[in-house]
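Following: one structure in structure tokens, then a few remarks.
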Amino acid sequence: MTEPLSVRGPVKLAITVDDLFLWPDAGHQNGYSPASCGASLIRAFAANGVSDVYAFSATFALDGDPRLTSVLDKWCDAGHHVGGHTHFHASLNWLGAKRYIEDLDQSHELIEPWVSRAPSRYFRFAMDMLGDTRSKTDEVMTHLAQTGFMHAPISHWFYDTQFVFPYDRAVSMGSSDDASWLRDKFVETAVSCLRSQVEASERNLGRIPAHISLIHNSAIAADTYDRVLEAYAEAGVEFVPLEEAMRDPANLIVVPGA
């Protein structure tokens, strides 16, 4: 039996997804696709009682294949939601505020038909980087507020992208033992990192805030995330919508970071 994440009781966790399209020509190999991986995540959510999951997807992939909007259709048709995530997935730390705002506006124009179906208008900074200066952060945050968007941060990420390419290689080489090891390690890492984050928040805040988790729409997530959700639940996670997690002050007050 999995040890509970906290002796204080259940840990509230909102599941979110970044990059339904992942990266063109990378991350969806060996017969996997944005559509097939998204469908697997949708099934995993349904099997584990996870509803109203927001997906934050950079939109540059639509430049090369506008048909990818069907992935957004199926996501929303399953009862989940879409938020903003820039067009080119560039960090605000690398760009000036003006160029970054132009980029996110370009993306928001493309995804407005899906964002408008969501109960809230959320935006996630690419790579969760809010800028390397206060002035840049403030300028972008002001623009988001003026266009009706609220920043949705991350408090739990276990660097799931580090598994993407090793898993692709293992599958393409037909190495079932390596692929199995990676899937097991994926689940183990997800739970251990959440445990560390819960312990850190208890130590620094004196309580357990509602956490916001991130997963990418990759092949290994498609093949494994049902197990991750089961392991979370066994460890005492209570799945909640992003709106509920965003009512926690720990998620509303975010300082700029590199």
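Residues in the structure tokens are named by chain (A, B, ... in the order shown) and by number from 1 within that chain; ligands are numbered from 1 in the order shown.
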
Report task. For A:Trp181, work out the shell of residues within 12 Å, counting only C-alpha atoms and skipping chain neighbours fewer than 5 positions away, then give it as a PyMOL selection string. Result -> chain A and resi 163+166-167+170-171+175-176+186-189+220+224

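By chain and then residue number, the residues within 10 Å of A:Leu13 are Ser155, His156, Leu194, Pro209, Ala210, His211, Ile212, Ser213, Tyr232, Ala233, Val237, Glu238, Phe239, Val240, Pro241, Leu242, Glu244 and Ala245 of chain A, counting only C-alpha atoms and disregarding those fewer than 5 positions away in sequence.
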
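Note that the spacing between atom CA of A:Asp184 and atom CA of A:Arg169 amounts to 16.2 Å.
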
Neighbour list for A:Phe125 as a PDB file with N, CA and C atoms, in the first residue's frame, cut-off 9 Å, only C-alpha atoms, skip fewer than 4 positions in-chain:
```
ATOM      1  N   GLY A  84      -4.870  29.297 -23.270  1.00  0.00           N
ATOM      2  CA  GLY A  84      -3.825  29.869 -24.099  1.00  0.00           C
ATOM      3  C   GLY A  84      -2.431  29.470 -23.641  1.00  0.00           C
ATOM      4  N   HIS A  85      -1.469  29.433 -24.599  1.00  0.00           N
ATOM      5  CA  HIS A  85      -0.114  28.994 -24.260  1.00  0.00           C
ATOM      6  C   HIS A  85       0.916  29.553 -25.246  1.00  0.00           C
ATOM      7  N   THR A  86       0.638  30.667 -25.866  1.00  0.00           N
ATOM      8  CA  THR A  86       1.466  31.316 -26.893  1.00  0.00           C
ATOM      9  C   THR A  86       1.389  30.557 -28.217  1.00  0.00           C
ATOM     10  N   HIS A  89       5.686  29.102 -28.469  1.00  0.00           N
ATOM     11  CA  HIS A  89       6.209  28.469 -27.257  1.00  0.00           C
ATOM     12  C   HIS A  89       7.566  29.066 -26.856  1.00  0.00           C
ATOM     13  N   ALA A  90       7.742  30.340 -27.060  1.00  0.00           N
ATOM     14  CA  ALA A  90       8.965  31.012 -26.641  1.00  0.00           C
ATOM     15  C   ALA A  90       8.797  31.552 -25.221  1.00  0.00           C
ATOM     16  N   SER A  91       9.892  31.605 -24.494  1.00  0.00           N
ATOM     17  CA  SER A  91       9.868  32.085 -23.119  1.00  0.00           C
ATOM     18  C   SER A  91       9.869  33.606 -23.070  1.00  0.00           C
ATOM     19  N   LEU A  92       9.120  34.159 -22.132  1.00  0.00           N
ATOM     20  CA  LEU A  92       9.151  35.601 -21.908  1.00  0.00           C
ATOM     21  C   LEU A  92      10.540  36.039 -21.434  1.00  0.00           C
ATOM     22  N   MET A 129       7.658  30.254 -17.512  1.00  0.00           N
ATOM     23  CA  MET A 129       8.609  31.332 -17.252  1.00  0.00           C
ATOM     24  C   MET A 129       7.887  32.660 -17.406  1.00  0.00           C
ATOM     25  N   LEU A 130       7.826  33.414 -16.304  1.00  0.00           N
ATOM     26  CA  LEU A 130       7.031  34.630 -16.258  1.00  0.00           C
ATOM     27  C   LEU A 130       7.834  35.885 -16.556  1.00  0.00           C
ATOM     28  N   HIS A 151      -3.685  33.996 -15.454  1.00  0.00           N
ATOM     29  CA  HIS A 151      -2.519  33.115 -15.475  1.00  0.00           C
ATOM     30  C   HIS A 151      -2.770  31.867 -14.630  1.00  0.00           C
ATOM     31  N   ALA A 152      -2.523  30.699 -15.212  1.00  0.00           N
ATOM     32  CA  ALA A 152      -2.653  29.422 -14.503  1.00  0.00           C
ATOM     33  C   ALA A 152      -1.254  28.853 -14.268  1.00  0.00           C
ATOM     34  N   PRO A 153      -0.759  28.879 -13.037  1.00  0.00           N
ATOM     35  CA  PRO A 153       0.597  28.421 -12.758  1.00  0.00           C
ATOM     36  C   PRO A 153       0.680  26.905 -12.631  1.00  0.00           C
TER      37      PRO A 153
END
```

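Residue nearest A:Val53, chosen from A:Asp248, A:Asp105, A:Glu243, A:Asp177 and counting only C-alpha atoms: A:Glu243.
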
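Nearest to A:Val140 of all the residues A:Leu182, A:Ala97, A:Leu205, A:Ile154 is A:Ala97, based on only C-alpha atoms.
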
Report task. Do a neighbour search on A:Phe149 at 7 Å with only C-alpha atoms, toss out local chain neighbours closer than 5 positions, and write the hits as number ranges by chain. Result -> A: 121-123, 144

Query raised in the report: Could you name the residues that touch A:Ala47 at 12 Å or less, counting only C-alpha atoms, but leaving out those on the same chain fewer than 4 positions away, as a list of chain:residue names?
Result: A:Ser40, A:Leu41, A:Ile42, A:Arg43, A:Ser51, A:Tyr225, A:Asp226, A:Arg227, A:Val228, A:Leu229, A:Glu230, A:Ala233
